[in-house]
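See below for coords-v7.pdb, which holds PDB, C-alpha atoms, pLDDT in the B column.
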```
ATOM      1  CA  MET T 743       0.000   0.000   0.000  1.00 43.00           C
ATOM      2  CA  ARG T 744       1.418   3.364  -1.011  1.00 46.00           C
ATOM      3  CA  LEU T 745       1.120   6.361   1.312  1.00 49.00           C
ATOM      4  CA  TRP T 746       1.271  10.050   0.541  1.00 48.00           C
ATOM      5  CA  PRO T 747       4.768  11.182  -0.357  1.00 52.00           C
ATOM      6  CA  GLN T 748       7.048  11.935   2.585  1.00 51.00           C
ATOM      7  CA  ARG T 749       7.690  15.396   1.192  1.00 54.00           C
ATOM      8  CA  CYS T 750       4.297  16.630   2.422  1.00 56.00           C
ATOM      9  CA  PHE T 751       4.497  19.885   4.317  1.00 59.00           C
ATOM     10  CA  LYS T 752       4.009  20.200   8.042  1.00 68.00           C
ATOM     11  CA  MET T 753       0.692  21.875   8.741  1.00 70.00           C
ATOM     12  CA  GLU T 754       0.197  24.358  11.515  1.00 79.00           C
ATOM     13  CA  ILE T 755      -2.999  25.768  12.956  1.00 82.00           C
ATOM     14  CA  VAL T 756      -3.508  29.495  12.453  1.00 74.00           C
ATOM     15  CA  SER T 757      -6.418  31.774  13.226  1.00 81.00           C
ATOM     16  CA  THR T 758      -8.529  33.313  10.481  1.00 82.00           C
ATOM     17  CA  GLU T 759      -6.989  36.695  11.264  1.00 79.00           C
ATOM     18  CA  GLU T 760      -3.456  35.282  10.910  1.00 76.00           C
ATOM     19  CA  TYR T 761      -4.425  33.557   7.658  1.00 74.00           C
ATOM     20  CA  ASN T 762      -5.828  36.770   6.195  1.00 78.00           C
ATOM     21  CA  THR T 763      -2.893  38.933   7.307  1.00 80.00           C
ATOM     22  CA  ASN T 764       0.391  39.164   5.451  1.00 82.00           C
ATOM     23  CA  PRO T 765       3.075  40.021   8.022  1.00 82.00           C
ATOM     24  CA  VAL T 766       5.329  41.445   5.309  1.00 84.00           C
ATOM     25  CA  ALA T 767       2.729  44.102   4.487  1.00 86.00           C
ATOM     26  CA  THR T 768       3.173  45.826   7.823  1.00 85.00           C
ATOM     27  CA  GLU T 769       6.979  45.797   7.792  1.00 88.00           C
ATOM     28  CA  THR T 770       8.735  49.128   7.556  1.00 91.00           C
ATOM     29  CA  VAL T 771      10.694  49.347   4.309  1.00 92.00           C
ATOM     30  CA  ASP T 772      14.430  49.870   4.662  1.00 92.00           C
ATOM     31  CA  PRO T 773      15.554  51.948   1.660  1.00 91.00           C
ATOM     32  CA  GLU T 774      18.600  49.767   1.021  1.00 92.00           C
ATOM     33  CA  ASN T 775      18.790  50.407  -2.733  1.00 96.00           C
ATOM     34  CA  ASP T 776      17.882  53.163  -5.171  1.00 97.00           C
ATOM     35  CA  LEU T 777      14.473  51.791  -6.124  1.00 95.00           C
ATOM     36  CA  LYS T 778      13.362  51.227  -2.531  1.00 95.00           C
ATOM     37  CA  ASN T 779      14.655  54.652  -1.596  1.00 96.00           C
ATOM     38  CA  MET T 780      12.691  56.253  -4.428  1.00 97.00           C
ATOM     39  CA  LEU T 781       9.499  54.417  -3.427  1.00 96.00           C
ATOM     40  CA  VAL T 782       9.908  55.190   0.277  1.00 96.00           C
ATOM     41  CA  GLU T 783      10.549  58.871  -0.445  1.00 96.00           C
ATOM     42  CA  TYR T 784       7.609  59.150  -2.851  1.00 97.00           C
ATOM     43  CA  VAL T 785       5.138  57.311  -0.615  1.00 97.00           C
ATOM     44  CA  GLY T 786       6.405  59.144   2.467  1.00 96.00           C
ATOM     45  CA  GLU T 787       5.794  62.513   0.813  1.00 96.00           C
ATOM     46  CA  LYS T 788       2.410  61.394  -0.526  1.00 97.00           C
ATOM     47  CA  LEU T 789       1.017  59.907   2.701  1.00 96.00           C
ATOM     48  CA  ASN T 790       3.060  61.829   5.289  1.00 96.00           C
ATOM     49  CA  PRO T 791       2.809  59.146   8.011  1.00 95.00           C
ATOM     50  CA  ASP T 792       2.972  60.377  11.619  1.00 94.00           C
ATOM     51  CA  ASP T 793       5.932  58.171  12.527  1.00 94.00           C
ATOM     52  CA  GLN T 794       7.748  58.834   9.223  1.00 93.00           C
ATOM     53  CA  SER T 795       7.801  55.055   8.541  1.00 95.00           C
ATOM     54  CA  VAL T 796       6.684  53.678   5.197  1.00 97.00           C
ATOM     55  CA  THR T 797       5.395  50.104   5.089  1.00 96.00           C
ATOM     56  CA  VAL T 798       5.045  47.692   2.197  1.00 94.00           C
ATOM     57  CA  GLU T 799       1.279  48.030   2.522  1.00 94.00           C
ATOM     58  CA  MET T 800       1.523  51.804   2.042  1.00 96.00           C
ATOM     59  CA  ILE T 801       3.622  51.351  -1.088  1.00 96.00           C
ATOM     60  CA  VAL T 802       1.149  48.822  -2.504  1.00 94.00           C
ATOM     61  CA  GLY T 803      -1.736  51.221  -1.804  1.00 95.00           C
ATOM     62  CA  VAL T 804      -0.055  54.113  -3.587  1.00 97.00           C
ATOM     63  CA  MET T 805       0.935  51.839  -6.487  1.00 95.00           C
ATOM     64  CA  ALA T 806      -2.679  50.637  -6.745  1.00 95.00           C
ATOM     65  CA  ASP T 807      -3.899  54.228  -6.936  1.00 96.00           C
ATOM     66  CA  GLU T 808      -1.255  55.599  -9.271  1.00 96.00           C
ATOM     67  CA  PHE T 809       0.063  52.640 -11.289  1.00 96.00           C
ATOM     68  CA  PRO T 810      -2.647  49.937 -11.259  1.00 94.00           C
ATOM     69  CA  GLU T 811      -1.397  48.440 -14.533  1.00 96.00           C
ATOM     70  CA  PHE T 812       1.805  47.350 -12.815  1.00 94.00           C
ATOM     71  CA  LEU T 813      -0.008  45.592  -9.982  1.00 92.00           C
ATOM     72  CA  MET T 814      -2.475  43.989 -12.410  1.00 93.00           C
ATOM     73  CA  VAL T 815       0.364  42.335 -14.315  1.00 93.00           C
ATOM     74  CA  VAL T 816       1.813  40.986 -11.059  1.00 91.00           C
ATOM     75  CA  ALA T 817      -1.610  39.821  -9.838  1.00 91.00           C
ATOM     76  CA  GLU T 818      -2.476  38.145 -13.143  1.00 93.00           C
ATOM     77  CA  GLU T 819       0.848  36.318 -13.229  1.00 91.00           C
ATOM     78  CA  ASN T 820       0.361  35.194  -9.645  1.00 88.00           C
ATOM     79  CA  PHE T 821      -3.168  33.973 -10.431  1.00 90.00           C
ATOM     80  CA  ILE T 822      -2.040  32.012 -13.501  1.00 90.00           C
ATOM     81  CA  ARG T 823       0.836  30.396 -11.598  1.00 87.00           C
ATOM     82  CA  GLY T 824      -1.479  29.488  -8.715  1.00 89.00           C
ATOM     83  CA  TYR T 825      -4.086  28.057 -11.080  1.00 88.00           C
ATOM     84  CA  HIS T 826      -1.422  25.998 -12.865  1.00 89.00           C
ATOM     85  CA  GLN T 827      -0.118  24.710  -9.528  1.00 91.00           C
ATOM     86  CA  ALA T 828      -3.643  23.742  -8.460  1.00 90.00           C
ATOM     87  CA  LEU T 829      -4.138  21.739 -11.646  1.00 91.00           C
ATOM     88  CA  SER T 830      -0.799  19.989 -11.094  1.00 90.00           C
ATOM     89  CA  ASP T 831      -1.767  19.208  -7.492  1.00 90.00           C
ATOM     90  CA  VAL T 832      -5.095  17.735  -8.599  1.00 91.00           C
ATOM     91  CA  GLU T 833      -3.350  15.614 -11.221  1.00 91.00           C
ATOM     92  CA  LEU T 834      -0.846  14.321  -8.659  1.00 91.00           C
ATOM     93  CA  GLY T 835      -3.629  13.646  -6.139  1.00 90.00           C
ATOM     94  CA  GLU T 836      -5.618  11.681  -8.727  1.00 91.00           C
ATOM     95  CA  LYS T 837      -2.515   9.668  -9.635  1.00 91.00           C
ATOM     96  CA  ILE T 838      -1.774   8.827  -5.986  1.00 90.00           C
ATOM     97  CA  ALA T 839      -5.417   7.927  -5.308  1.00 89.00           C
ATOM     98  CA  SER T 840      -5.467   5.689  -8.381  1.00 89.00           C
ATOM     99  CA  GLU T 841      -2.254   3.957  -7.321  1.00 89.00           C
ATOM    100  CA  GLN T 842      -3.631   3.404  -3.814  1.00 89.00           C
ATOM    101  CA  GLU T 843      -6.845   1.965  -5.280  1.00 87.00           C
ATOM    102  CA  ASN T 844      -4.819  -0.353  -7.525  1.00 87.00           C
ATOM    103  CA  ASP T 845      -2.731  -1.474  -4.541  1.00 84.00           C
ATOM    104  CA  LYS T 846      -5.919  -2.261  -2.570  1.00 84.00           C
ATOM    105  CA  GLN T 847      -7.319  -4.276  -5.465  1.00 84.00           C
ATOM    106  CA  GLU T 848      -4.064  -6.243  -5.794  1.00 82.00           C
ATOM    107  CA  GLU T 849      -4.086  -6.985  -2.042  1.00 82.00           C
ATOM    108  CA  ASN T 850      -7.663  -8.282  -2.286  1.00 81.00           C
ATOM    109  CA  ASN T 851      -6.855 -10.621  -5.211  1.00 72.00           C
TER     110      ASN T 851
END
```
For the structure just supplied, provide its representation as structure tokens.
Amino acid sequence: MRLWPQRCFKMEIVSTEEYNTNPVATETVDPENDLKNMLVEYVGEKLNPDDQSVTVEMIVGVMADEFPEFLMVVAEENFIRGYHQALSDVELGEKIASEQENDKQEENN
């Protein structure tokens, strides 16, 4: 009898709030290169945050308002890759289920 591959990922329990929250979004951006510096400066001037910190979420919000085409390309690519991965996962799951069914039938014969 064949079991699921050993390379399965360890699952952990998270709350709905944790699942729906991206911790990277709330991180303050360190302007460590020219592009990040330009984005931090622009978003900082645009939003003028009280603590003078610019987060990834702030940059995404400004990009969505002022350059939605850029984010749409990234989102579409992410969607297509995720959809492709889901189809591959279904195919693998069907293959494993079929192999397990065949193993059961062979054991019963």
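Shortest atom-to-atom contact with Glu799 in chain T among T:Ala767, T:Ile822, T:Val815, T:Val785: T:Ala767, counting only C-alpha atoms.
For the choices T:Thr770, T:Asn851, T:Ser757, T:Asn844, the atom-to-atom distance to Gln794 in chain T is smallest for T:Thr770 when using all atoms listed in the file.
The shortest atom-to-atom distance to Asn779 in chain T, with only C-alpha atoms taken into account, belongs to T:Val796 out of T:Val796, T:Ile838, T:Val802, T:Val766.
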So what does the PyMOL selection byres ((chain T and resi 773) around 12) actually pick up in this one, as a tab-separated table (two decimals) with C-alpha atoms, keeping the file's coordinate frame?
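Resulting contents of part-v4.tsv:
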```
chain	number	residue	atom	x	y	z
T	770	THR	CA	8.74	49.13	7.56
T	771	VAL	CA	10.69	49.35	4.31
T	772	ASP	CA	14.43	49.87	4.66
T	774	GLU	CA	18.60	49.77	1.02
T	775	ASN	CA	18.79	50.41	-2.73
T	776	ASP	CA	17.88	53.16	-5.17
T	777	LEU	CA	14.47	51.79	-6.12
T	778	LYS	CA	13.36	51.23	-2.53
T	779	ASN	CA	14.66	54.65	-1.60
T	780	MET	CA	12.69	56.25	-4.43
T	781	LEU	CA	9.50	54.42	-3.43
T	782	VAL	CA	9.91	55.19	0.28
T	783	GLU	CA	10.55	58.87	-0.44
T	784	TYR	CA	7.61	59.15	-2.85
T	785	VAL	CA	5.14	57.31	-0.62
T	786	GLY	CA	6.40	59.14	2.47
T	795	SER	CA	7.80	55.06	8.54
T	796	VAL	CA	6.68	53.68	5.20
T	797	THR	CA	5.40	50.10	5.09
T	798	VAL	CA	5.04	47.69	2.20
```
Box for range 805-809 of chain T - axis-aligned, 4 Å on each of the six sides, all listed atoms - centre and size in Å to one decimal, as JSON.
```
{"center_x": -1.5, "center_y": 53.1, "center_z": -8.9, "size_x": 12.8, "size_y": 13.0, "size_z": 12.8}
```
Using Å and a single decimal, report how far CA of Gln827 in chain T sits from CA of Gln842 in chain T. 22.3 Å
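Take CA of Met753 in chain T and CA of Ser830 in chain T: the distance between them is 20.0 Å.
Note that the spacing between CA of Gly803 in chain T and CA of Glu819 in chain T amounts to 19.0 Å.
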